[in-house]
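What follows is the content of final-v8.txt (compact mmCIF, C-alpha atoms).
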```txt
# COMPACT_ATOMS: atom_id res chain seq x y z
CA MET N 1 24.10 -34.66 5.76
CA ARG N 2 27.28 -32.63 5.15
CA ALA N 3 25.59 -30.82 2.25
CA THR N 4 22.63 -29.91 4.46
CA ILE N 5 24.95 -28.49 7.13
CA LEU N 6 26.77 -26.41 4.51
CA ILE N 7 23.46 -25.00 3.23
CA ILE N 8 22.42 -24.07 6.78
CA ILE N 9 25.76 -22.31 7.41
CA MET N 10 25.43 -20.38 4.13
CA LEU N 11 21.89 -19.24 4.98
CA ILE N 12 22.88 -18.08 8.46
CA THR N 13 25.89 -16.19 7.05
CA ALA N 14 23.78 -14.52 4.35
CA PHE N 15 21.14 -13.51 6.90
CA ALA N 16 23.76 -12.03 9.25
CA LYS N 17 25.40 -10.13 6.38
CA ALA N 18 22.02 -8.73 5.27
CA GLN N 19 21.37 -7.48 8.80
CA THR N 20 24.85 -5.92 9.02
CA ASN N 21 24.57 -4.16 5.65
CA THR N 22 21.11 -2.72 6.30
CA VAL N 23 21.15 1.06 5.82
CA LEU N 24 18.61 2.74 8.08
CA ASP N 25 16.41 5.55 6.78
CA THR N 26 16.46 8.89 8.60
CA ILE N 27 13.39 10.62 10.02
CA TYR N 28 13.58 14.29 10.99
CA ALA N 29 11.60 15.95 13.79
CA ASN N 30 11.58 19.12 15.92
CA ASP N 31 9.95 20.53 19.05
CA THR N 32 7.24 22.62 17.38
CA LYS N 33 5.47 20.06 15.18
CA ASN N 34 4.28 16.47 15.43
CA VAL N 35 5.73 14.07 12.89
CA ALA N 36 3.27 11.21 12.32
CA LEU N 37 4.39 7.66 11.47
CA PHE N 38 1.73 5.30 10.09
CA PHE N 39 2.52 1.56 10.25
CA PRO N 40 0.88 -1.41 8.47
CA GLU N 41 0.11 -3.04 11.86
CA PRO N 42 -0.80 -1.52 15.25
CA ILE N 43 2.15 -0.40 17.39
CA ARG N 44 2.92 -2.56 20.40
CA GLN N 45 6.13 -0.85 21.50
CA GLY N 46 8.18 2.20 20.48
CA ILE N 47 11.54 3.20 21.96
CA THR N 48 13.97 6.05 21.27
CA GLY N 49 17.65 5.89 22.18
CA SER N 50 17.92 9.40 23.59
CA ASP N 51 15.87 11.64 25.89
CA ASN N 52 15.80 14.50 23.38
CA PHE N 53 13.50 12.38 21.18
CA VAL N 54 9.97 11.44 22.27
CA PHE N 55 7.80 8.89 20.44
CA THR N 56 4.23 8.74 21.72
CA TYR N 57 1.60 6.15 20.85
CA ASN N 58 -1.54 4.71 22.42
CA ARG N 59 -0.36 2.19 25.02
CA GLU N 60 -3.86 1.20 26.11
CA LYS N 61 -5.47 0.65 22.73
CA GLU N 62 -3.12 -0.37 19.92
CA GLN N 63 -3.25 2.02 16.95
CA TYR N 64 -1.52 2.26 13.59
CA PHE N 65 0.26 5.57 14.16
CA GLY N 66 2.66 7.26 16.57
CA LEU N 67 3.96 10.84 16.96
CA LEU N 68 7.61 11.85 17.04
CA GLN N 69 9.05 15.07 18.50
CA ALA N 70 12.66 16.15 19.05
CA LYS N 71 14.76 18.71 20.90
CA PRO N 72 18.14 19.97 19.62
CA GLY N 73 20.89 17.43 20.24
CA LYS N 74 22.77 14.50 18.78
CA GLU N 75 21.06 12.03 16.46
CA SER N 76 19.56 8.87 17.93
CA ASN N 77 17.51 5.88 16.81
CA LEU N 78 13.87 4.79 16.94
CA LEU N 79 12.83 1.16 17.31
CA VAL N 80 9.18 0.18 16.74
CA VAL N 81 7.61 -3.26 17.16
CA ASN N 82 4.19 -3.94 15.63
CA ARG N 83 1.54 -6.27 17.00
CA ASN N 84 2.58 -9.04 14.59
CA GLY N 85 6.21 -8.86 15.76
CA SER N 86 7.54 -6.89 12.75
CA ILE N 87 10.49 -4.68 13.69
CA TYR N 88 11.22 -1.23 12.24
CA SER N 89 14.39 0.76 12.94
CA TYR N 90 15.23 4.35 11.95
CA ILE N 91 17.83 7.03 12.57
CA VAL N 92 16.16 10.12 14.05
CA ARG N 93 17.59 13.64 13.85
CA TYR N 94 16.57 17.11 14.95
CA LYS N 95 15.85 19.58 12.16
CA LYS N 96 14.55 23.10 12.68
CA GLN N 97 12.65 23.27 9.38
CA LEU N 98 10.71 20.17 8.37
CA SER N 99 9.73 19.37 4.79
CA LYS N 100 7.82 16.19 5.69
CA LEU N 101 5.33 15.67 8.53
CA ASN N 102 3.77 12.30 7.63
CA TYR N 103 5.51 8.98 6.97
CA PHE N 104 3.51 6.03 5.61
CA ILE N 105 5.65 3.01 6.47
CA PRO N 106 5.24 0.02 4.10
CA LEU N 107 5.53 -3.56 5.33
CA SER N 108 8.63 -3.94 3.15
CA ASN N 109 10.54 -1.56 5.47
CA SER N 110 10.54 -4.12 8.29
CA ILE N 111 14.08 -5.24 9.17
CA GLY N 112 12.87 -8.52 10.62
CA ASN N 113 10.61 -10.17 13.17
CA GLU N 114 11.12 -10.61 16.90
CA LYS N 115 10.41 -14.32 16.43
CA PRO N 116 13.56 -15.76 14.81
CA ILE N 117 13.09 -17.70 11.59
CA LYS N 118 14.15 -21.30 11.88
CA VAL N 119 16.58 -22.41 9.20
CA ASP N 120 14.87 -25.76 8.74
CA SER N 121 11.60 -23.95 8.00
CA ILE N 122 13.41 -21.97 5.29
CA LEU N 123 14.75 -25.17 3.74
CA ALA N 124 11.31 -26.77 3.85
CA GLU N 125 9.49 -23.82 2.27
CA SER N 126 7.73 -24.87 -0.93
CA SER N 127 6.62 -22.78 -3.88
CA GLU N 128 3.03 -23.02 -2.61
CA GLU N 129 4.09 -21.53 0.71
CA ARG N 130 5.82 -18.67 -1.08
CA VAL N 131 2.62 -17.95 -2.97
CA ASP N 132 0.69 -18.01 0.32
CA ASN N 133 3.21 -15.58 1.84
CA ARG N 134 2.80 -13.22 -1.10
CA THR N 135 -0.99 -13.35 -0.78
CA TYR N 136 -0.66 -12.70 2.95
CA TYR N 137 1.53 -9.66 2.18
CA TYR N 138 -1.05 -8.37 -0.32
CA GLN N 139 -3.82 -8.78 2.26
CA LYS N 140 -1.90 -6.88 4.93
CA PHE N 141 -0.73 -4.08 2.68
CA CYS N 142 -4.19 -3.63 1.13
CA SER N 143 -5.75 -3.46 4.61
CA TYR N 144 -3.15 -0.84 5.53
CA LEU N 145 -4.00 1.25 2.45
CA LEU N 146 -7.71 1.13 3.25
CA ASN N 147 -7.02 2.39 6.78
CA ILE N 148 -4.95 5.44 5.88
CA LYS N 149 -6.43 8.67 4.55
CA GLN N 150 -4.03 9.17 1.65
CA ARG N 151 -5.22 10.36 -1.77
CA ILE N 152 -3.55 10.81 -5.12
CA GLY N 153 -5.98 13.31 -6.66
CA ARG N 154 -9.53 13.87 -7.84
CA ILE N 155 -10.30 10.92 -10.14
CA LYS N 156 -14.03 10.21 -10.23
CA LYS N 157 -17.06 9.92 -12.47
CA ARG N 158 -20.79 9.76 -11.76
CA ASN N 159 -23.73 8.10 -13.50
CA GLU N 160 -27.05 9.03 -11.92
CA SER N 161 -26.41 8.42 -8.20
CA ILE N 162 -23.51 5.97 -8.60
CA VAL N 163 -20.01 7.43 -8.13
CA LEU N 164 -16.86 5.55 -9.17
CA SER N 165 -13.53 6.99 -7.99
CA VAL N 166 -9.85 6.09 -7.62
CA GLU N 167 -8.75 7.18 -4.15
CA ASN N 168 -5.10 6.19 -4.26
CA ILE N 169 -2.42 4.59 -6.44
CA VAL N 170 0.59 3.24 -4.57
CA PHE N 171 3.77 1.57 -5.81
CA ASP N 172 5.32 -1.03 -3.50
CA LYS N 173 8.02 -3.53 -4.46
CA GLU N 174 7.03 -4.52 -8.02
CA GLU N 175 3.28 -3.93 -7.82
CA LEU N 176 0.79 -1.09 -8.25
CA TYR N 177 -2.01 -0.93 -5.68
CA ILE N 178 -5.13 0.88 -6.91
CA VAL N 179 -7.60 1.87 -4.18
CA ILE N 180 -11.08 2.08 -5.73
CA GLN N 181 -14.34 3.38 -4.27
CA ILE N 182 -17.95 2.87 -5.35
CA GLU N 183 -20.56 5.08 -3.72
CA ASN N 184 -24.27 4.30 -4.08
CA ASN N 185 -26.33 7.41 -3.34
CA SER N 186 -29.47 5.96 -4.92
CA THR N 187 -32.46 4.22 -3.33
CA LEU N 188 -31.68 0.94 -5.12
CA ASP N 189 -28.95 -1.60 -4.39
CA TYR N 190 -26.16 -1.77 -6.95
CA ASP N 191 -25.27 -5.31 -8.08
CA LEU N 192 -21.78 -5.47 -9.54
CA ASN N 193 -21.41 -7.41 -12.79
CA PHE N 194 -17.74 -6.62 -13.39
CA LEU N 195 -15.10 -3.93 -12.88
CA ASN N 196 -12.33 -4.17 -15.46
CA LEU N 197 -9.11 -2.24 -15.84
CA SER N 198 -7.80 -1.77 -19.38
CA ILE N 199 -5.06 0.17 -21.13
CA GLU N 200 -6.40 2.33 -23.95
CA THR N 201 -4.14 3.37 -26.85
CA ARG N 202 -5.09 6.13 -29.26
CA GLN N 203 -4.06 5.05 -32.75
CA LYS N 204 -2.55 7.78 -34.91
CA GLY N 205 -3.28 8.36 -38.59
CA LYS N 206 -6.17 9.44 -40.78
CA LYS N 207 -8.49 6.85 -39.28
CA LYS N 208 -8.13 7.43 -35.57
CA SER N 209 -9.20 4.51 -33.41
CA LEU N 210 -8.95 3.26 -29.84
CA GLN N 211 -7.53 -0.07 -28.82
CA ARG N 212 -8.00 -1.55 -25.34
CA LEU N 213 -5.95 -4.22 -23.64
CA TYR N 214 -7.43 -5.81 -20.50
CA GLN N 215 -5.16 -5.95 -17.43
CA GLU N 216 -5.73 -8.93 -15.13
CA PRO N 217 -5.19 -8.04 -11.44
CA MET N 218 -2.84 -10.29 -9.50
CA TYR N 219 -5.03 -9.90 -6.43
CA LYS N 220 -8.38 -8.28 -5.56
CA HIS N 221 -8.95 -7.20 -1.97
CA ASN N 222 -12.51 -6.82 -0.59
CA LEU N 223 -14.13 -6.59 -4.04
CA PRO N 224 -17.89 -6.38 -3.31
CA SER N 225 -20.65 -8.09 -5.26
CA LYS N 226 -23.27 -5.57 -4.06
CA ILE N 227 -23.29 -2.00 -2.77
CA ALA N 228 -26.41 -1.41 -0.74
CA GLU N 229 -28.46 1.76 -1.16
CA GLY N 230 -26.84 4.73 0.55
CA LYS N 231 -23.61 2.82 1.18
CA MET N 232 -20.01 3.09 0.02
CA LYS N 233 -17.40 0.35 -0.53
CA GLN N 234 -13.63 0.61 -0.90
CA PHE N 235 -11.41 -2.15 -2.26
CA VAL N 236 -8.00 -2.65 -3.86
CA TYR N 237 -6.71 -4.04 -7.16
CA VAL N 238 -3.08 -5.24 -7.22
CA LEU N 239 -1.35 -5.28 -10.61
CA PRO N 240 2.22 -5.72 -11.87
CA LYS N 241 3.94 -2.34 -12.12
CA PHE N 242 3.51 -0.63 -15.48
CA SER N 243 3.91 2.84 -16.97
CA LEU N 244 2.07 4.66 -19.76
CA SER N 245 3.18 6.91 -22.61
CA ASN N 246 1.37 10.17 -23.41
CA ASP N 247 -0.92 8.50 -25.96
CA ARG N 248 -2.14 5.86 -23.51
CA ARG N 249 -4.38 5.90 -20.45
CA ALA N 250 -6.02 3.47 -18.06
CA ILE N 251 -9.78 2.85 -18.15
CA LEU N 252 -11.88 1.53 -15.27
CA GLU N 253 -15.09 0.03 -16.63
CA LEU N 254 -17.87 -0.51 -14.08
CA ASN N 255 -20.81 -2.61 -15.24
CA GLU N 256 -24.08 -3.16 -13.38
CA LYS N 257 -25.69 -6.60 -13.35
CA ASP N 258 -29.19 -6.42 -14.89
CA GLY N 259 -28.97 -2.62 -15.02
CA GLU N 260 -27.73 0.33 -17.03
CA ARG N 261 -25.87 2.41 -14.43
CA ASN N 262 -22.51 1.75 -16.08
CA ILE N 263 -19.44 3.99 -15.76
CA GLU N 264 -16.16 4.37 -17.64
CA LEU N 265 -13.53 6.23 -15.63
CA LYS N 266 -10.45 7.49 -17.47
CA ILE N 267 -7.15 7.61 -15.55
CA SER N 268 -4.43 9.82 -17.02
CA HIS N 269 -0.95 8.42 -17.58
CA ARG N 270 0.29 11.07 -15.12
CA TYR N 271 -1.38 9.30 -12.17
CA ILE N 272 -0.10 5.87 -13.22
CA ASN N 273 3.46 7.10 -13.73
CA ASN N 274 3.57 9.08 -10.48
CA PRO N 275 2.03 6.86 -7.78
CA ASN N 276 2.37 7.45 -4.04
```

Starting from the file, lay out its structure as structure tokens.
Amino acid sequence: MRATILIIIMLITAFAKAQTNTVLDTIYANDTKNVALFFPEPIRQGITGSDNFVFTYNREKEQYFGLLQAKPGKESNLLVVNRNGSIYSYIVRYKKQLSKLNYFIPLSNSIGNEKPIKVDSILAESSEERVDNRTYYYQKFCSYLLNIKQRIGRIKKRNESIVLSVENIVFDKEELYIVIQIENNSTLDYDLNFLNLSIETRQKGKKKSLQRLYQEPMYKHNLPSKIAEGKMKQFVYVLPKFSLSNDRRAILELNEKDGERNIELKISHRYINNPN
């Protein structure tokens, strides 16, 4: 019993210390431009600490983004609560010239939840529950990526009327999130056999050859089995973070079931090494 009490005290102390030592990021705004903040969940409430800062969001219909403006004056703070209770806190400052107008806020930036975590639930958490929590995080963050209009570049290839493209590559925590799109502009449905991601290495020497190493995704979000005629599908592959040297590149291999509309899309090491 005494040991359990000691563990509880240690957890509470560690949690309090983590909250105290949290360094808040700073967001700059002015009175001539809108600074947009995109959150992983719809905004339920947003409050600024001073009248010279205004944060507007849709109060009638919950949306994922809000707009920040500022007048000259002392710095203040912005507190945002999402629909799921996640809390985000930032320092806000006026700046005449802005270098950044859009902020895509990851779920990992949350400083906590408005529903306090019970210590006994922490003690009772099993490894299976931790896996479930990680999967839940992947689901939420992938949904967030599919809702924002962020792109990393023009990475696409076409075979007949089938277009395979990589819309975004995002690094979060220790994972790479690859947003993939398949567009079917033909008059026939496209049945997906497989879509594999591999690392291709160009061997040096007199006999040049290519070697491929398959990369197993940790999680696949909304991977379709069929893309109907005239339709488009977006989905996300989650992989452990990796980087590529100049002689290596990533390959997306799309294969049609009972068909020949196959595509190999090459992704330069520059995109992998410089994600959003």

Set the distance at 10 Å and use all atoms listed in the file: which residues neighbour stretch 66-81 of chain N once local chain neighbours fewer than 6 positions away are removed? I'd like the list as a PDB file with C-alpha atoms, in the coordinates of the input.
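Saved the output as selection20.pdb:
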```pdb
ATOM      1  CA  LEU N  24      18.610   2.740   8.080  1.00  0.00           C
ATOM      2  CA  THR N  26      16.460   8.890   8.600  1.00  0.00           C
ATOM      3  CA  ILE N  27      13.390  10.620  10.020  1.00  0.00           C
ATOM      4  CA  TYR N  28      13.580  14.290  10.990  1.00  0.00           C
ATOM      5  CA  ALA N  29      11.600  15.950  13.790  1.00  0.00           C
ATOM      6  CA  ASN N  30      11.580  19.120  15.920  1.00  0.00           C
ATOM      7  CA  ASP N  31       9.950  20.530  19.050  1.00  0.00           C
ATOM      8  CA  THR N  32       7.240  22.620  17.380  1.00  0.00           C
ATOM      9  CA  LYS N  33       5.470  20.060  15.180  1.00  0.00           C
ATOM     10  CA  ASN N  34       4.280  16.470  15.430  1.00  0.00           C
ATOM     11  CA  VAL N  35       5.730  14.070  12.890  1.00  0.00           C
ATOM     12  CA  ALA N  36       3.270  11.210  12.320  1.00  0.00           C
ATOM     13  CA  LEU N  37       4.390   7.660  11.470  1.00  0.00           C
ATOM     14  CA  PHE N  38       1.730   5.300  10.090  1.00  0.00           C
ATOM     15  CA  PHE N  39       2.520   1.560  10.250  1.00  0.00           C
ATOM     16  CA  GLU N  41       0.110  -3.040  11.860  1.00  0.00           C
ATOM     17  CA  PRO N  42      -0.800  -1.520  15.250  1.00  0.00           C
ATOM     18  CA  ILE N  43       2.150  -0.400  17.390  1.00  0.00           C
ATOM     19  CA  ARG N  44       2.920  -2.560  20.400  1.00  0.00           C
ATOM     20  CA  GLN N  45       6.130  -0.850  21.500  1.00  0.00           C
ATOM     21  CA  GLY N  46       8.180   2.200  20.480  1.00  0.00           C
ATOM     22  CA  ILE N  47      11.540   3.200  21.960  1.00  0.00           C
ATOM     23  CA  THR N  48      13.970   6.050  21.270  1.00  0.00           C
ATOM     24  CA  GLY N  49      17.650   5.890  22.180  1.00  0.00           C
ATOM     25  CA  SER N  50      17.920   9.400  23.590  1.00  0.00           C
ATOM     26  CA  ASP N  51      15.870  11.640  25.890  1.00  0.00           C
ATOM     27  CA  ASN N  52      15.800  14.500  23.380  1.00  0.00           C
ATOM     28  CA  PHE N  53      13.500  12.380  21.180  1.00  0.00           C
ATOM     29  CA  VAL N  54       9.970  11.440  22.270  1.00  0.00           C
ATOM     30  CA  PHE N  55       7.800   8.890  20.440  1.00  0.00           C
ATOM     31  CA  THR N  56       4.230   8.740  21.720  1.00  0.00           C
ATOM     32  CA  TYR N  57       1.600   6.150  20.850  1.00  0.00           C
ATOM     33  CA  ASN N  58      -1.540   4.710  22.420  1.00  0.00           C
ATOM     34  CA  ILE N  87      10.490  -4.680  13.690  1.00  0.00           C
ATOM     35  CA  TYR N  88      11.220  -1.230  12.240  1.00  0.00           C
ATOM     36  CA  SER N  89      14.390   0.760  12.940  1.00  0.00           C
ATOM     37  CA  TYR N  90      15.230   4.350  11.950  1.00  0.00           C
ATOM     38  CA  ILE N  91      17.830   7.030  12.570  1.00  0.00           C
ATOM     39  CA  VAL N  92      16.160  10.120  14.050  1.00  0.00           C
ATOM     40  CA  ARG N  93      17.590  13.640  13.850  1.00  0.00           C
ATOM     41  CA  TYR N  94      16.570  17.110  14.950  1.00  0.00           C
ATOM     42  CA  LYS N  95      15.850  19.580  12.160  1.00  0.00           C
ATOM     43  CA  LYS N  96      14.550  23.100  12.680  1.00  0.00           C
ATOM     44  CA  LEU N 101       5.330  15.670   8.530  1.00  0.00           C
ATOM     45  CA  ASN N 102       3.770  12.300   7.630  1.00  0.00           C
ATOM     46  CA  SER N 110      10.540  -4.120   8.290  1.00  0.00           C
ATOM     47  CA  GLY N 112      12.870  -8.520  10.620  1.00  0.00           C
ATOM     48  CA  ASN N 113      10.610 -10.170  13.170  1.00  0.00           C
ATOM     49  CA  GLU N 114      11.120 -10.610  16.900  1.00  0.00           C
TER      50      GLU N 114
END
```

| Nearest to N:Leu244: which of N:Met218, N:Thr201, N:Glu260, N:Lys231 is it, counting all atoms listed in the file? | N:Thr201

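A straight line drawn from atom CA of N:Asn159 to atom CA of N:Ser186 is 10.5 Å long.
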
| remark: In terms of only C-alpha atoms, the residue from N:Lys140, N:Arg59, N:Lys100, N:Lys233 at minimal distance from N:Val166 is N:Lys233

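The gap separating atom CA of N:Glu264 from atom CA of N:Leu210 is 14.2 Å, in Å to one decimal.
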
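Within 9 Å of the file-frame point (1.5, 8.0, -10.2), and using only C-alpha atoms, the polymer residues found are Ile152, Ile169, Val170, Phe171, Ser243, His269, Arg270, Tyr271, Ile272, Asn273, Asn274, Pro275 and Asn276 of chain N.
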
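With all atoms listed in the file as the atoms that count, the minimum distance from N:Gln211 to the choices N:Arg249, N:Arg83, N:Lys61, N:Gln234 is reached by N:Arg249.
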
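Of the listed residues (N:Gln181, N:Glu253, N:Glu160, N:Asn262), N:Gln181 comes nearest to N:Leu223; the distances count all atoms listed in the file.
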
| query | Which of these, N:Leu265, N:Ile148, N:Cys142, N:Val238, has the shortest distance to N:Ile182 once you count all atoms listed in the file? | reply | N:Leu265

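Straight-line separation from atom CA of N:Val179 to atom CA of N:Arg212: 21.4 Å.
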
| said: I'd like to know which of N:Leu239, N:Thr135, N:Tyr177, N:Leu164 is closest to N:Ser198, using all atoms listed in the file. | reply: N:Leu239

At most 12 Å from (-5.4, 1.5, -24.5), file frame, only C-alpha atoms: which residues, as a PDB file with C-alpha atoms, keeping the file's coordinate frame?
```pdb
ATOM      1  CA  LEU N 197      -9.110  -2.240 -15.840  1.00  0.00           C
ATOM      2  CA  SER N 198      -7.800  -1.770 -19.380  1.00  0.00           C
ATOM      3  CA  ILE N 199      -5.060   0.170 -21.130  1.00  0.00           C
ATOM      4  CA  GLU N 200      -6.400   2.330 -23.950  1.00  0.00           C
ATOM      5  CA  THR N 201      -4.140   3.370 -26.850  1.00  0.00           C
ATOM      6  CA  ARG N 202      -5.090   6.130 -29.260  1.00  0.00           C
ATOM      7  CA  GLN N 203      -4.060   5.050 -32.750  1.00  0.00           C
ATOM      8  CA  SER N 209      -9.200   4.510 -33.410  1.00  0.00           C
ATOM      9  CA  LEU N 210      -8.950   3.260 -29.840  1.00  0.00           C
ATOM     10  CA  GLN N 211      -7.530  -0.070 -28.820  1.00  0.00           C
ATOM     11  CA  ARG N 212      -8.000  -1.550 -25.340  1.00  0.00           C
ATOM     12  CA  LEU N 213      -5.950  -4.220 -23.640  1.00  0.00           C
ATOM     13  CA  TYR N 214      -7.430  -5.810 -20.500  1.00  0.00           C
ATOM     14  CA  GLN N 215      -5.160  -5.950 -17.430  1.00  0.00           C
ATOM     15  CA  LEU N 244       2.070   4.660 -19.760  1.00  0.00           C
ATOM     16  CA  SER N 245       3.180   6.910 -22.610  1.00  0.00           C
ATOM     17  CA  ASN N 246       1.370  10.170 -23.410  1.00  0.00           C
ATOM     18  CA  ASP N 247      -0.920   8.500 -25.960  1.00  0.00           C
ATOM     19  CA  ARG N 248      -2.140   5.860 -23.510  1.00  0.00           C
ATOM     20  CA  ARG N 249      -4.380   5.900 -20.450  1.00  0.00           C
ATOM     21  CA  ALA N 250      -6.020   3.470 -18.060  1.00  0.00           C
ATOM     22  CA  ILE N 251      -9.780   2.850 -18.150  1.00  0.00           C
ATOM     23  CA  LEU N 252     -11.880   1.530 -15.270  1.00  0.00           C
ATOM     24  CA  LYS N 266     -10.450   7.490 -17.470  1.00  0.00           C
ATOM     25  CA  ILE N 267      -7.150   7.610 -15.550  1.00  0.00           C
ATOM     26  CA  SER N 268      -4.430   9.820 -17.020  1.00  0.00           C
ATOM     27  CA  HIS N 269      -0.950   8.420 -17.580  1.00  0.00           C
TER      28      HIS N 269
END
```

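Contact shell of N:Lys257 at 8 Å (only C-alpha atoms; same-chain neighbours under 5 positions omitted): Asp191, Leu192, Asn193 and Phe194 of chain N.
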
Residue rebuild result stretch 61-83 of chain N, N, CA and C atoms as a PDB file, in the frame of the given file:
```pdb
ATOM      1  N   LYS N  61      -4.786   1.214  23.888  1.00  0.00           N
ATOM      2  CA  LYS N  61      -5.470   0.650  22.730  1.00  0.00           C
ATOM      3  C   LYS N  61      -4.549   0.761  21.527  1.00  0.00           C
ATOM      4  N   GLU N  62      -4.098  -0.376  21.006  1.00  0.00           N
ATOM      5  CA  GLU N  62      -3.120  -0.370  19.920  1.00  0.00           C
ATOM      6  C   GLU N  62      -3.674   0.341  18.682  1.00  0.00           C
ATOM      7  N   GLN N  63      -2.868   1.276  18.149  1.00  0.00           N
ATOM      8  CA  GLN N  63      -3.250   2.020  16.950  1.00  0.00           C
ATOM      9  C   GLN N  63      -2.131   1.952  15.925  1.00  0.00           C
ATOM     10  N   TYR N  64      -2.448   2.394  14.712  1.00  0.00           N
ATOM     11  CA  TYR N  64      -1.520   2.260  13.590  1.00  0.00           C
ATOM     12  C   TYR N  64      -0.489   3.384  13.516  1.00  0.00           C
ATOM     13  N   PHE N  65      -0.642   4.439  14.295  1.00  0.00           N
ATOM     14  CA  PHE N  65       0.260   5.570  14.160  1.00  0.00           C
ATOM     15  C   PHE N  65       0.843   6.009  15.497  1.00  0.00           C
ATOM     16  N   GLY N  66       2.018   6.663  15.410  1.00  0.00           N
ATOM     17  CA  GLY N  66       2.660   7.260  16.570  1.00  0.00           C
ATOM     18  C   GLY N  66       3.177   8.636  16.186  1.00  0.00           C
ATOM     19  N   LEU N  67       3.511   9.470  17.192  1.00  0.00           N
ATOM     20  CA  LEU N  67       3.960  10.840  16.960  1.00  0.00           C
ATOM     21  C   LEU N  67       5.371  11.030  17.506  1.00  0.00           C
ATOM     22  N   LEU N  68       6.212  11.641  16.675  1.00  0.00           N
ATOM     23  CA  LEU N  68       7.610  11.850  17.040  1.00  0.00           C
ATOM     24  C   LEU N  68       7.890  13.343  17.184  1.00  0.00           C
ATOM     25  N   GLN N  69       8.580  13.710  18.294  1.00  0.00           N
ATOM     26  CA  GLN N  69       9.050  15.070  18.500  1.00  0.00           C
ATOM     27  C   GLN N  69      10.512  15.020  18.941  1.00  0.00           C
ATOM     28  N   ALA N  70      11.234  16.137  18.726  1.00  0.00           N
ATOM     29  CA  ALA N  70      12.660  16.150  19.050  1.00  0.00           C
ATOM     30  C   ALA N  70      13.088  17.508  19.557  1.00  0.00           C
ATOM     31  N   LYS N  71      14.087  17.498  20.453  1.00  0.00           N
ATOM     32  CA  LYS N  71      14.760  18.710  20.900  1.00  0.00           C
ATOM     33  C   LYS N  71      16.164  18.729  20.288  1.00  0.00           C
ATOM     34  N   PRO N  72      16.783  19.912  20.179  1.00  0.00           N
ATOM     35  CA  PRO N  72      18.140  19.970  19.620  1.00  0.00           C
ATOM     36  C   PRO N  72      19.100  19.050  20.371  1.00  0.00           C
ATOM     37  N   GLY N  73      19.937  18.358  19.632  1.00  0.00           N
ATOM     38  CA  GLY N  73      20.890  17.430  20.240  1.00  0.00           C
ATOM     39  C   GLY N  73      21.415  16.459  19.206  1.00  0.00           C
ATOM     40  N   LYS N  74      22.181  15.491  19.670  1.00  0.00           N
ATOM     41  CA  LYS N  74      22.770  14.500  18.780  1.00  0.00           C
ATOM     42  C   LYS N  74      21.696  13.568  18.224  1.00  0.00           C
ATOM     43  N   GLU N  75      21.984  12.993  17.066  1.00  0.00           N
ATOM     44  CA  GLU N  75      21.060  12.030  16.460  1.00  0.00           C
ATOM     45  C   GLU N  75      20.925  10.803  17.340  1.00  0.00           C
ATOM     46  N   SER N  76      19.805  10.092  17.157  1.00  0.00           N
ATOM     47  CA  SER N  76      19.560   8.870  17.930  1.00  0.00           C
ATOM     48  C   SER N  76      18.884   7.855  17.013  1.00  0.00           C
ATOM     49  N   ASN N  77      18.218   6.881  17.609  1.00  0.00           N
ATOM     50  CA  ASN N  77      17.510   5.880  16.810  1.00  0.00           C
ATOM     51  C   ASN N  77      16.118   5.639  17.392  1.00  0.00           C
ATOM     52  N   LEU N  78      15.241   5.142  16.546  1.00  0.00           N
ATOM     53  CA  LEU N  78      13.870   4.790  16.940  1.00  0.00           C
ATOM     54  C   LEU N  78      13.628   3.336  16.564  1.00  0.00           C
ATOM     55  N   LEU N  79      13.159   2.573  17.534  1.00  0.00           N
ATOM     56  CA  LEU N  79      12.830   1.160  17.310  1.00  0.00           C
ATOM     57  C   LEU N  79      11.346   0.966  17.587  1.00  0.00           C
ATOM     58  N   VAL N  80      10.627   0.403  16.602  1.00  0.00           N
ATOM     59  CA  VAL N  80       9.180   0.180  16.740  1.00  0.00           C
ATOM     60  C   VAL N  80       8.874  -1.287  16.464  1.00  0.00           C
ATOM     61  N   VAL N  81       8.054  -1.880  17.336  1.00  0.00           N
ATOM     62  CA  VAL N  81       7.610  -3.260  17.160  1.00  0.00           C
ATOM     63  C   VAL N  81       6.102  -3.253  16.973  1.00  0.00           C
ATOM     64  N   ASN N  82       5.631  -3.842  15.890  1.00  0.00           N
ATOM     65  CA  ASN N  82       4.190  -3.940  15.630  1.00  0.00           C
ATOM     66  C   ASN N  82       3.580  -5.127  16.353  1.00  0.00           C
ATOM     67  N   ARG N  83       2.259  -5.190  16.311  1.00  0.00           N
ATOM     68  CA  ARG N  83       1.540  -6.270  17.000  1.00  0.00           C
ATOM     69  C   ARG N  83       1.918  -7.643  16.480  1.00  0.00           C
TER      70      ARG N  83
END
```
